[in-house]
$ cat structure34.cif   # mmCIF, C-alpha atoms
data_entry
loop_
_atom_site.label_atom_id
_atom_site.label_comp_id
_atom_site.auth_asym_id
_atom_site.auth_seq_id
_atom_site.Cartn_x
_atom_site.Cartn_y
_atom_site.Cartn_z
CA MET A 27 0.00 0.00 0.00
CA VAL A 28 1.13 3.51 -0.82
CA ALA A 29 -0.30 6.62 0.77
CA TYR A 30 -2.21 8.85 -1.60
CA GLN A 31 0.14 11.76 -0.94
CA ASP A 32 3.14 9.58 -1.84
CA PHE A 33 1.43 8.47 -5.05
CA VAL A 34 0.73 12.09 -6.01
CA ALA A 35 4.37 12.97 -5.31
CA LEU A 36 5.59 10.13 -7.51
CA SER A 37 3.19 10.98 -10.36
CA ARG A 38 4.28 14.67 -10.31
CA SER A 39 7.99 13.96 -9.98
CA GLY A 40 10.41 15.31 -12.54
CA ASN A 41 12.11 11.90 -12.54
CA SER A 42 10.65 9.63 -15.25
CA GLU A 43 11.56 6.52 -13.26
CA GLU A 44 9.44 7.69 -10.31
CA ARG A 45 6.54 8.61 -12.60
CA GLY A 46 6.87 5.14 -14.10
CA GLN A 47 6.52 3.65 -10.62
CA ALA A 48 3.36 5.70 -10.15
CA ALA A 49 1.95 4.53 -13.50
CA HIS A 50 2.64 0.89 -12.63
CA LEU A 51 1.05 1.31 -9.19
CA ALA A 52 -2.02 2.92 -10.72
CA ALA A 53 -2.39 0.04 -13.19
CA GLN A 54 -2.13 -2.56 -10.43
CA ALA A 55 -4.57 -0.65 -8.22
CA TYR A 56 -7.09 -0.43 -11.06
CA LEU A 57 -6.92 -4.18 -11.73
CA LEU A 58 -7.15 -5.17 -8.07
CA HIS A 59 -9.73 -2.57 -7.02
CA SER A 60 -12.89 -3.87 -5.32
CA GLY A 61 -14.21 -0.68 -3.70
CA PRO A 62 -16.68 2.04 -4.70
CA ALA A 63 -17.27 2.81 -8.36
CA ASP A 64 -16.11 6.42 -8.04
CA GLU A 65 -12.71 5.26 -6.80
CA HIS A 66 -12.44 2.91 -9.76
CA ALA A 67 -13.33 5.77 -12.10
CA ALA A 68 -10.68 7.96 -10.49
CA LEU A 69 -8.05 5.25 -11.04
CA TYR A 70 -9.17 4.94 -14.67
CA ALA A 71 -8.75 8.70 -15.12
CA SER A 72 -5.24 8.52 -13.70
CA LEU A 73 -4.35 5.79 -16.21
CA ILE A 74 -5.52 7.98 -19.06
CA GLY A 75 -3.42 10.81 -17.66
CA PHE A 76 -0.27 8.68 -17.85
CA LEU A 77 -0.90 8.11 -21.57
CA ASP A 78 0.08 11.75 -22.16
CA ASP A 79 3.37 11.49 -20.27
CA PRO A 80 6.25 12.53 -22.57
CA SER A 81 8.50 9.71 -21.34
CA VAL A 82 8.44 6.32 -23.09
CA ARG A 83 9.60 4.80 -19.81
CA VAL A 84 6.44 5.97 -18.03
CA ARG A 85 4.07 4.80 -20.75
CA GLY A 86 5.99 1.50 -20.90
CA ALA A 87 5.52 1.04 -17.15
CA LEU A 88 1.80 1.62 -17.62
CA ALA A 89 1.67 -0.96 -20.42
CA TYR A 90 3.66 -3.46 -18.33
CA GLY A 91 1.20 -3.10 -15.49
CA LEU A 92 -1.75 -3.91 -17.77
CA LEU A 93 -0.02 -6.28 -20.17
CA HIS A 94 -1.19 -9.73 -19.02
CA ALA A 95 -4.55 -8.77 -17.50
CA LEU A 96 -7.78 -9.84 -19.15
CA GLU A 97 -9.55 -7.01 -17.26
CA ALA A 98 -7.27 -4.29 -18.65
CA PRO A 99 -9.28 -1.40 -20.15
CA ARG A 100 -9.36 -1.79 -23.95
CA PRO A 101 -9.38 1.96 -24.75
CA ILE A 102 -6.05 2.36 -22.95
CA LEU A 103 -4.61 -0.71 -24.67
CA LEU A 104 -5.73 0.60 -28.06
CA ALA A 105 -4.00 3.89 -27.30
CA LEU A 106 -0.83 2.01 -26.33
CA LEU A 107 -0.99 0.13 -29.67
CA GLN A 108 -0.49 3.53 -31.32
CA ASP A 109 2.49 4.32 -29.08
CA SER A 110 6.17 3.70 -29.77
CA GLU A 111 6.99 0.40 -31.43
CA VAL A 112 8.52 -1.21 -28.34
CA ILE A 113 5.30 -0.60 -26.35
CA ALA A 114 2.93 -1.47 -29.19
CA ARG A 115 4.81 -4.71 -29.91
CA ALA A 116 4.50 -5.90 -26.31
CA VAL A 117 0.77 -5.08 -26.13
CA ALA A 118 0.08 -6.72 -29.51
CA GLN A 119 1.90 -9.90 -28.52
CA TYR A 120 0.82 -10.41 -24.91
CA SER A 121 -2.41 -8.61 -24.05
CA PRO A 122 -5.33 -11.09 -23.70
CA ALA A 123 -7.81 -8.21 -23.46
CA LEU A 124 -7.56 -7.45 -27.18
CA ILE A 125 -10.35 -9.04 -29.21
CA ASP A 126 -10.24 -10.21 -32.83
CA ALA A 127 -11.65 -6.93 -34.14
CA ASP A 128 -8.83 -5.00 -32.43
CA LEU A 129 -6.17 -7.29 -33.86
CA ILE A 130 -7.61 -7.34 -37.38
CA ALA A 131 -7.76 -3.54 -37.46
CA LEU A 132 -4.15 -3.44 -36.24
CA VAL A 133 -2.94 -6.02 -38.77
CA ARG A 134 -4.34 -4.15 -41.75
CA LYS A 135 -1.95 -1.24 -41.24
CA ALA A 136 0.71 -2.68 -38.94
CA SER A 137 4.43 -2.71 -39.61
CA ILE A 138 6.28 -6.00 -40.11
CA THR A 139 7.44 -5.85 -36.50
CA LEU A 140 3.87 -5.66 -35.21
CA LEU A 141 2.78 -8.41 -37.61
CA HIS A 142 5.43 -10.67 -36.10
CA ALA A 143 4.18 -9.74 -32.62
CA VAL A 144 0.62 -10.71 -33.51
CA ALA A 145 1.85 -13.97 -35.05
CA LEU A 146 3.53 -14.82 -31.73
CA ARG A 147 0.41 -14.36 -29.58
CA GLU A 148 -0.48 -17.30 -27.37
CA ARG A 149 -3.82 -17.75 -29.13
CA ILE A 150 -4.74 -16.68 -32.63
CA SER A 151 -8.16 -17.24 -34.18
CA ALA A 152 -8.75 -18.28 -37.78
CA ARG A 153 -9.94 -14.73 -38.64
CA VAL A 154 -6.78 -13.13 -37.28
CA ALA A 155 -4.58 -15.75 -38.97
CA GLU A 156 -6.30 -15.05 -42.27
CA ALA A 157 -5.75 -11.30 -41.84
CA VAL A 158 -2.06 -11.77 -40.97
CA ILE A 159 -1.43 -14.09 -43.92
CA GLY A 160 -3.39 -11.73 -46.15
CA ARG A 161 -0.71 -9.06 -45.69
CA GLY A 162 1.54 -11.20 -47.88
CA VAL A 163 4.69 -10.95 -45.74
CA ARG A 164 6.51 -14.24 -46.30
CA SER A 165 8.32 -14.45 -42.95
CA VAL A 166 5.10 -13.77 -41.01
CA THR A 167 3.12 -16.22 -43.14
CA LEU A 168 5.69 -18.93 -42.42
CA LYS A 169 5.52 -18.18 -38.70
CA VAL A 170 1.74 -18.63 -38.68
CA LEU A 171 1.78 -21.77 -40.84
CA GLN A 172 4.44 -23.39 -38.65
CA ARG A 173 2.14 -23.13 -35.63
CA SER A 174 -0.05 -26.23 -35.61
CA ASP A 175 -2.21 -24.71 -32.86
CA VAL A 176 -3.36 -21.86 -35.11
CA PRO A 177 -6.41 -22.67 -37.24
CA VAL A 178 -6.11 -21.50 -40.84
CA PRO A 179 -9.10 -21.68 -43.22
CA ALA A 180 -8.81 -24.60 -45.64
CA ALA A 181 -9.53 -22.38 -48.63
CA LEU A 182 -6.64 -20.09 -47.69
CA LEU A 183 -4.26 -23.04 -47.34
CA ALA A 184 -5.31 -24.29 -50.77
CA THR A 185 -4.75 -20.81 -52.24
CA LEU A 186 -1.29 -20.56 -50.70
CA ALA A 187 -0.41 -23.98 -52.06
CA ALA A 188 -1.62 -23.12 -55.56
CA GLU A 189 -0.08 -19.65 -55.79
CA ARG A 190 3.18 -19.92 -53.83
CA GLY A 191 3.82 -23.48 -52.72
CA GLU A 192 5.31 -24.82 -55.93
CA ALA A 193 8.08 -22.21 -56.12
CA ASP A 194 8.83 -21.85 -52.38
CA ALA A 195 10.28 -25.00 -50.81
CA GLU A 196 10.18 -23.66 -47.24
CA LEU A 197 6.55 -22.61 -47.57
CA ARG A 198 5.77 -25.97 -49.16
CA GLY A 199 7.31 -27.76 -46.20
CA ALA A 200 5.30 -25.67 -43.74
CA LEU A 201 2.10 -26.48 -45.61
CA LEU A 202 2.87 -30.21 -45.75
CA ASP A 203 3.51 -30.24 -41.99
CA ARG A 204 -0.05 -29.04 -41.33
CA ALA A 205 -2.61 -31.76 -40.65
CA ASP A 206 -5.43 -29.48 -41.88
CA LEU A 207 -4.02 -29.00 -45.38
CA PRO A 208 -6.74 -30.08 -47.86
CA ALA A 209 -6.07 -33.36 -49.62
CA GLY A 210 -5.95 -31.85 -53.11
CA ALA A 211 -3.47 -29.19 -52.02
CA ARG A 212 -1.36 -31.81 -50.22
CA LEU A 213 -1.14 -33.89 -53.38
CA ALA A 214 -0.14 -30.81 -55.38
CA MET A 215 2.61 -30.04 -52.86
CA VAL A 216 3.91 -33.61 -53.06
CA GLU A 217 3.97 -33.33 -56.84
CA ALA A 218 5.94 -30.09 -56.56
CA ALA A 219 8.41 -31.74 -54.17
CA VAL A 220 8.85 -34.67 -56.56
CA ALA A 221 9.44 -32.27 -59.45
CA SER A 222 12.11 -30.46 -57.41
CA LEU A 223 13.82 -33.74 -56.56
CA ARG A 224 13.78 -34.74 -60.20
CA LEU A 225 15.63 -31.53 -61.12
CA ALA A 226 18.05 -31.49 -58.19
CA ARG A 227 21.63 -32.02 -59.36
CA ILE A 228 22.64 -34.01 -56.29
CA VAL A 229 19.75 -36.44 -56.87
CA LYS A 230 20.33 -36.76 -60.61
CA GLY A 231 24.01 -37.37 -60.00
CA ALA A 232 23.42 -40.08 -57.41
CA VAL A 233 20.68 -42.16 -59.06
CA ALA A 234 20.47 -43.51 -62.60
CA PRO A 235 17.73 -41.79 -64.64
CA SER A 236 15.56 -44.87 -65.18
CA ARG A 237 15.76 -45.94 -61.53
CA LEU A 238 15.10 -42.38 -60.36
CA GLU A 239 11.98 -42.23 -62.50
CA ARG A 240 10.73 -45.53 -61.07
CA LEU A 241 11.39 -44.38 -57.50
CA LEU A 242 9.65 -41.05 -57.97
CA ARG A 243 6.67 -42.58 -59.74
CA ASP A 244 6.28 -45.16 -56.99
CA ALA A 245 6.60 -42.41 -54.36
CA MET A 246 3.84 -40.40 -56.08
CA ASP A 247 1.57 -43.44 -56.26
CA THR A 248 2.16 -44.08 -52.56
CA ALA A 249 1.53 -40.45 -51.64
CA LEU A 250 -1.70 -40.37 -53.62
CA THR A 251 -3.08 -43.56 -52.07
CA VAL A 252 -1.94 -42.64 -48.54
CA ILE A 253 -3.66 -39.26 -48.80
CA GLY A 254 -6.74 -40.93 -50.22
CA GLU A 255 -6.79 -43.53 -47.45
CA GLY A 256 -6.55 -40.81 -44.81
CA GLU A 257 -9.43 -38.87 -46.36
CA ALA A 258 -11.55 -42.01 -46.71
CA ALA A 259 -10.90 -43.02 -43.09
CA SER A 260 -11.78 -39.58 -41.72
CA GLY A 261 -14.84 -39.19 -43.89
CA GLY A 262 -13.51 -35.85 -45.10
CA THR A 263 -13.66 -34.34 -48.55
CA PRO A 264 -14.63 -36.62 -51.49
CA PHE A 265 -11.01 -36.90 -52.55
CA ALA A 266 -11.52 -40.01 -54.68
CA SER A 267 -14.37 -38.33 -56.56
CA GLU A 268 -12.14 -35.33 -57.28
CA LEU A 269 -9.44 -37.63 -58.63
CA VAL A 270 -11.93 -39.46 -60.82
CA ALA A 271 -13.29 -36.15 -62.15
CA THR A 272 -9.76 -35.07 -63.13
CA GLU A 273 -8.92 -38.52 -64.58
CA ARG A 274 -6.20 -39.18 -62.03
CA VAL A 275 -7.37 -42.71 -61.14
CA SER A 276 -5.76 -45.37 -63.35
CA ALA A 277 -5.46 -49.15 -63.13
CA ARG A 278 -1.96 -48.65 -61.75
CA VAL A 279 -3.26 -46.42 -58.94
CA MET A 280 -5.93 -48.97 -58.01
CA LEU A 281 -3.41 -51.82 -58.04
CA HIS A 282 -1.09 -49.76 -55.84
CA ALA A 283 -3.92 -49.06 -53.40
CA VAL A 284 -4.77 -52.75 -53.01
CA VAL A 285 -1.14 -53.92 -52.82
CA ASN A 286 -0.41 -51.43 -50.02
CA GLY A 287 -3.59 -52.18 -48.09
CA HIS A 288 -5.29 -48.85 -48.77
CA VAL A 289 -8.64 -50.55 -49.25
CA MET A 290 -10.85 -47.67 -48.11
CA PHE A 291 -9.42 -45.41 -50.79
CA PHE A 292 -9.72 -48.25 -53.31
CA ALA A 293 -13.37 -48.68 -52.38
CA ASP A 294 -13.99 -44.93 -52.75
CA CYS A 295 -12.43 -45.02 -56.22
CA LEU A 296 -14.64 -47.93 -57.28
CA SER A 297 -17.69 -46.19 -55.82
CA ALA A 298 -16.96 -42.99 -57.75
CA LEU A 299 -16.14 -44.80 -61.01
CA ALA A 300 -19.10 -47.18 -60.92
CA GLY A 301 -21.63 -44.80 -59.38
CA THR A 302 -22.34 -47.38 -56.69
CA PRO A 303 -22.90 -46.65 -52.98
CA ARG A 304 -19.78 -47.08 -50.91
CA GLU A 305 -21.42 -49.57 -48.51
CA LYS A 306 -22.37 -51.86 -51.39
CA VAL A 307 -18.82 -51.68 -52.76
CA PHE A 308 -17.42 -52.70 -49.36
CA THR A 309 -19.79 -55.66 -49.21
CA ILE A 310 -18.72 -56.88 -52.65
CA LEU A 311 -15.03 -56.44 -51.83
CA GLU A 312 -15.35 -58.35 -48.56
CA THR A 313 -17.63 -61.23 -49.52
CA GLY A 314 -18.62 -60.91 -53.18
CA GLY A 315 -17.98 -63.72 -55.63
CA ARG A 316 -16.19 -63.50 -58.96
CA PRO A 317 -19.32 -62.54 -60.98
CA ALA A 318 -20.18 -59.69 -58.60
CA LEU A 319 -16.59 -58.41 -58.61
CA ASN A 320 -16.34 -58.57 -62.39
CA ALA A 321 -19.65 -56.74 -62.76
CA LEU A 322 -18.50 -53.98 -60.39
CA LEU A 323 -15.13 -53.60 -62.11
CA SER A 324 -16.66 -53.56 -65.58
CA ARG A 325 -18.97 -50.74 -64.47
CA CYS A 326 -15.80 -48.80 -63.62
CA GLY A 327 -14.82 -48.87 -67.28
CA LEU A 328 -12.00 -51.38 -66.91
CA SER A 329 -11.25 -53.88 -69.64
CA ALA A 330 -12.04 -57.54 -69.08
CA ALA A 331 -8.38 -58.46 -68.70
CA VAL A 332 -7.64 -55.72 -66.15
CA SER A 333 -10.88 -56.49 -64.28
CA ASN A 334 -9.85 -60.12 -64.04
CA LEU A 335 -6.40 -59.14 -62.74
CA ILE A 336 -7.77 -56.82 -60.06
CA ALA A 337 -10.36 -59.41 -59.04
CA ARG A 338 -7.58 -61.96 -58.53
CA LEU A 339 -5.64 -59.44 -56.46
CA ILE A 340 -8.71 -58.82 -54.30
CA PHE A 341 -9.12 -62.54 -53.62
CA HIS A 342 -5.45 -62.78 -52.59
CA ALA A 343 -5.79 -59.67 -50.41
CA ARG A 344 -8.71 -61.15 -48.47
CA ALA A 345 -6.38 -63.73 -46.95
CA ALA A 346 -3.43 -61.41 -46.17
CA ASP A 347 -2.66 -58.31 -44.10
CA LEU A 348 -1.35 -56.05 -46.84
CA ALA A 349 -1.57 -52.86 -44.76
CA ASP A 350 1.20 -53.78 -42.31
CA ASP A 351 2.91 -56.98 -43.49
CA ILE A 352 5.62 -56.41 -46.13
CA THR A 353 6.19 -60.14 -46.50
CA ALA A 354 2.50 -60.69 -47.22
CA ARG A 355 2.58 -58.00 -49.90
CA HIS A 356 5.59 -59.63 -51.51
CA PHE A 357 3.93 -63.04 -51.44
CA VAL A 358 0.71 -61.76 -53.03
CA VAL A 359 2.49 -59.82 -55.78
CA THR A 360 4.76 -62.78 -56.51
CA ALA A 361 1.82 -65.20 -56.68
CA LEU A 362 -0.14 -62.91 -58.98
CA THR A 363 2.84 -62.35 -61.28
CA GLU A 364 3.52 -66.07 -61.58
CA GLU A 365 -0.15 -66.77 -62.30
CA LEU A 366 -0.09 -64.30 -65.19
CA ILE A 367 3.10 -65.80 -66.62
CA VAL A 368 1.74 -69.35 -66.44
CA GLU A 369 -1.71 -68.46 -67.77
CA HIS A 370 -0.37 -66.57 -70.78
CA GLU A 371 2.65 -68.88 -71.29
CA GLY A 372 5.06 -66.00 -70.85
CA VAL A 373 3.44 -63.78 -73.48
CA ILE A 374 1.65 -61.03 -71.58
CA PRO A 375 -1.23 -59.45 -73.59
CA PRO A 376 -0.77 -55.80 -74.56
CA GLU A 377 -3.68 -54.66 -72.38
CA LEU A 378 -1.91 -56.10 -69.31
CA GLU A 379 1.62 -54.91 -70.09
CA ASP A 380 1.43 -51.77 -67.92
CA ALA A 381 -0.12 -53.65 -65.01
CA PHE A 382 2.41 -56.47 -65.33
CA ALA A 383 5.28 -53.95 -65.43
CA TYR A 384 3.95 -52.37 -62.25
CA LEU A 385 3.69 -55.74 -60.50
CA SER A 386 7.24 -56.60 -61.56
CA GLU A 387 8.55 -53.29 -60.16
CA GLN A 388 6.71 -53.89 -56.91
CA ASN A 389 8.00 -57.44 -56.73
CA VAL A 390 11.61 -56.23 -56.76
CA ALA A 391 10.98 -53.36 -54.31
CA LEU A 392 9.00 -55.52 -51.89
CA ALA A 393 11.55 -58.33 -52.09
CA ARG A 394 14.27 -55.90 -51.00
CA ARG A 395 12.20 -54.53 -48.14
CA ALA A 396 11.14 -57.96 -46.97
CA ALA A 397 14.73 -59.24 -47.13
CA ARG A 398 15.97 -56.31 -45.05
CA GLY A 399 13.37 -57.05 -42.41
CA VAL A 400 14.15 -60.77 -42.34
CA MET A 401 17.92 -60.28 -42.16
CA SER A 402 17.71 -57.69 -39.37
CA ALA A 403 15.39 -59.96 -37.37
CA PHE A 404 17.66 -62.97 -37.98
CA ALA A 405 20.72 -61.02 -36.91
CA GLY A 406 18.96 -59.90 -33.74
CA ASP A 407 17.86 -63.44 -32.86
CA ALA A 408 21.30 -64.87 -33.58
CA ASN A 409 23.05 -62.28 -31.43
CA ALA A 410 20.62 -62.85 -28.59
CA GLU A 411 21.09 -66.63 -28.64
CA ARG A 412 24.79 -66.85 -29.39
CA PRO A 413 26.97 -63.82 -28.69
CA MET A 414 30.00 -63.34 -30.91
CA PRO A 415 33.05 -64.87 -29.22
CA ALA A 416 35.92 -62.54 -28.46
CA ILE A 417 39.08 -63.02 -30.53
CA GLU A 418 42.26 -63.40 -28.57
CA LEU A 419 45.21 -61.28 -29.59
CA ASP A 420 47.29 -64.27 -30.61
CA GLN A 421 44.43 -65.65 -32.78
CA ARG A 422 44.06 -62.61 -34.98
CA LEU A 423 45.18 -62.93 -38.58
CA ALA A 424 48.27 -61.10 -39.63
CA LEU A 425 47.64 -59.35 -42.92
CA PRO A 426 50.51 -59.32 -45.41
CA ALA A 427 52.26 -56.05 -45.98
CA ALA A 428 51.19 -54.12 -49.06
#
$ encode --input "structure34.cif" --output "C-alpha cells"
Amino acid sequence: MVAYQDFVALSRSGNSEERGQAAHLAAQAYLLHSGPADEHAALYASLIGFLDDPSVRVRGALAYGLLHALEAPRPILLALLQDSEVIARAVAQYSPALIDADLIALVRKASITLLHAVALRERISARVAEAVIGRGVRSVTLKVLQRSDVPVPAALLATLAAERGEADAELRGALLDRADLPAGARLAMVEAAVASLRLARIVKGAVAPSRLERLLRDAMDTALTVIGEGEAASGGTPFASELVATERVSARVMLHAVVNGHVMFFADCLSALAGTPREKVFTILETGGRPALNALLSRCGLSAAVSNLIARLIFHARAADLADDITARHFVVTALTEELIVEHEGVIPPELEDAFAYLSEQNVALARRAARGVMSAFAGDANAERPMPAIELDQRLALPAA
C-alpha cells in the first residue's frame, strides 16, 4: 500500500523513473480494485493521464502493469498500440484483453514488427490468422503456418499452395507439416516436391535416370493412395471423386492401393467410377464372388483383362494383411505375377503390359524390403542366442604387408 500523498508525489515527480513507478502502481490498483465505483473511475482517469506522459519509460511502465490482464481497459490498450513500437509490440503480442476486431484492425496497417508480434500471440483465431497471412509478408506467413495450434481456413491453405507453394520449398514444407491441409493441395505439394527432386543435381548425379523415374513414380503413387486412405478413413472431402473427375485414377493407382492395403481409398475409387454406394462396394469387396466383382469392375470402365487381374488381387488380399505386413505384400504380388506368366505362357497381352510392369517393379521393391526385415530380425535373434566370441590377440590374422 502507498499513501495517496506519496502516489501524487511520484506521479508529479520530474524523474521519469518515479513517474513510471506511479503509472505501474495505478495500473495494479485499477486491476485489483474492489471498492466504490467512483474510486475505480478515479483510477481509470489517472491511467488515461499517464498516456500523455512525454516519457516512453512511463508509458511503458503503464503498459507493463496492464499487459497480461484480461480485465485491462481496452481503450487504454488501443492507445498504447499507437504508441512507440517497443510498447505497441508488447501489447500486440501479450495482451489477452484485445479481441479479434482490435487485432484485425491493427494487422491491416501494422508494420512487419507488429505483424510478427501478432503472429507470436499465445492464441490466434482463424480470422486473425487469415488477416495476418493476407498481408503477404513471407516471414510472417511462415511463422503462422508453422504453428499447428493456429487454425487457418482450408480455402486459404489451398490458395497458398496453388499460388506460392510450388516455387517456395520452405513454404511448401510448412504447408505439408499441417494436418489441416486439404487433400488436393497436399497432393499438389507432393507433386511439386517430386518435381524439385527430379531436377536437383545431387539427386540426378546419385541415381540412374531410369531408376530415379521408377522411385519417384512409386513415391507419387504411394503419396496419392496414402492421402486418399486418410481422407476415406476420416470421412472428409470426397477426394476419390475429385481424382476421378480429373482422370487421375488409373489401373496402376488402383493396383497400388490394393497392394499397399489402402482398401478404403480403393473402395472410394470404385464407388466414384461405378456410381455405386460405398457400402455396397465394401460388401462386394469383402464377400462378393467373382461374378459380382467382375460386374463392379466392368462398371468402372476397366477392360475384361484388367478387371480379371484386379479381381484376382482382391481374392489374394482377403487372406493377407497387406496394410502392415511387407512379407504378405511380396507373397501376393509374386503369386499374382507367376499366375499371369503361367496363364499366358510367358506372353503377356498388350492390355496387361502396364499392369504387369507395375507388378514386376513392386516385386523387386517388396523383395528388398522384406529381405531387409528378415535379415535384421535374424541377426537380432542370432546375437541374442549366441553372442559373438571374443578373438584373442594371438588368434588374430596377420595381414601381409602391401
$ atom_distance --input "structure34.cif" --atom1 "atom CA of A:Ala214" --atom2 "atom CA of A:Leu186"
11.3 Å
$ residues_around --input "structure34.cif" --residues "A:Val34" --least-positions-apart "3" --cutoff "12 Å" --atoms "only C-alpha atoms" --output "list of chain:residue names"
A:Val28, A:Ala29, A:Tyr30, A:Gln31, A:Ser37, A:Arg38, A:Ser39, A:Glu44, A:Arg45, A:Gln47, A:Ala48, A:Ala49, A:Leu51, A:Ala52, A:Ser72
$ residues_around --input "structure34.cif" --residues "A:Ala145" --least-positions-apart "5" --cutoff "8 Å" --atoms "only C-alpha atoms" --output "ChimeraX atom specification"
/A:119,150,155,158,166,169-170
$ write_last_selection --input "structure34.cif" --atoms "C-alpha atoms" --output "mmCIF file, keeping the file's coordinate frame"
data_model
loop_
_atom_site.group_PDB
_atom_site.id
_atom_site.type_symbol
_atom_site.label_atom_id
_atom_site.label_comp_id
_atom_site.auth_asym_id
_atom_site.auth_seq_id
_atom_site.Cartn_x
_atom_site.Cartn_y
_atom_site.Cartn_z
ATOM 1 C CA GLN A 119 1.900 -9.900 -28.520
ATOM 2 C CA ILE A 150 -4.740 -16.680 -32.630
ATOM 3 C CA ALA A 155 -4.580 -15.750 -38.970
ATOM 4 C CA VAL A 158 -2.060 -11.770 -40.970
ATOM 5 C CA VAL A 166 5.100 -13.770 -41.010
ATOM 6 C CA LYS A 169 5.520 -18.180 -38.700
ATOM 7 C CA VAL A 170 1.740 -18.630 -38.680
#
$ resolve_selection --input "structure34.cif" --expression "the PyMOL selection byres ((chain A and resi 340-349) around 10)" --output "CSV table (one decimal) with C-alpha atoms, keeping the file's coordinate frame"
chain,number,residue,atom,x,y,z
A,281,LEU,CA,-3.4,-51.8,-58.0
A,283,ALA,CA,-3.9,-49.1,-53.4
A,284,VAL,CA,-4.8,-52.8,-53.0
A,285,VAL,CA,-1.1,-53.9,-52.8
A,286,ASN,CA,-0.4,-51.4,-50.0
A,287,GLY,CA,-3.6,-52.2,-48.1
A,288,HIS,CA,-5.3,-48.8,-48.8
A,289,VAL,CA,-8.6,-50.6,-49.2
A,311,LEU,CA,-15.0,-56.4,-51.8
A,312,GLU,CA,-15.4,-58.4,-48.6
A,313,THR,CA,-17.6,-61.2,-49.5
A,314,GLY,CA,-18.6,-60.9,-53.2
A,315,GLY,CA,-18.0,-63.7,-55.6
A,316,ARG,CA,-16.2,-63.5,-59.0
A,319,LEU,CA,-16.6,-58.4,-58.6
A,334,ASN,CA,-9.8,-60.1,-64.0
A,335,LEU,CA,-6.4,-59.1,-62.7
A,336,ILE,CA,-7.8,-56.8,-60.1
A,337,ALA,CA,-10.4,-59.4,-59.0
A,338,ARG,CA,-7.6,-62.0,-58.5
A,339,LEU,CA,-5.6,-59.4,-56.5
A,350,ASP,CA,1.2,-53.8,-42.3
A,351,ASP,CA,2.9,-57.0,-43.5
A,352,ILE,CA,5.6,-56.4,-46.1
A,353,THR,CA,6.2,-60.1,-46.5
A,354,ALA,CA,2.5,-60.7,-47.2
A,355,ARG,CA,2.6,-58.0,-49.9
A,356,HIS,CA,5.6,-59.6,-51.5
A,357,PHE,CA,3.9,-63.0,-51.4
A,358,VAL,CA,0.7,-61.8,-53.0
A,359,VAL,CA,2.5,-59.8,-55.8
A,361,ALA,CA,1.8,-65.2,-56.7
A,362,LEU,CA,-0.1,-62.9,-59.0
$ atom_distance --input "structure34.cif" --atom1 "atom CA of A:Leu140" --atom2 "atom CA of A:Ala114"
7.4 Å
$ closest_residue --input "structure34.cif" --among "A:Val229, A:Pro303, A:Ala193, A:Ala249" --to "A:Val216" --atoms "all atoms listed in the file"
A:Ala249
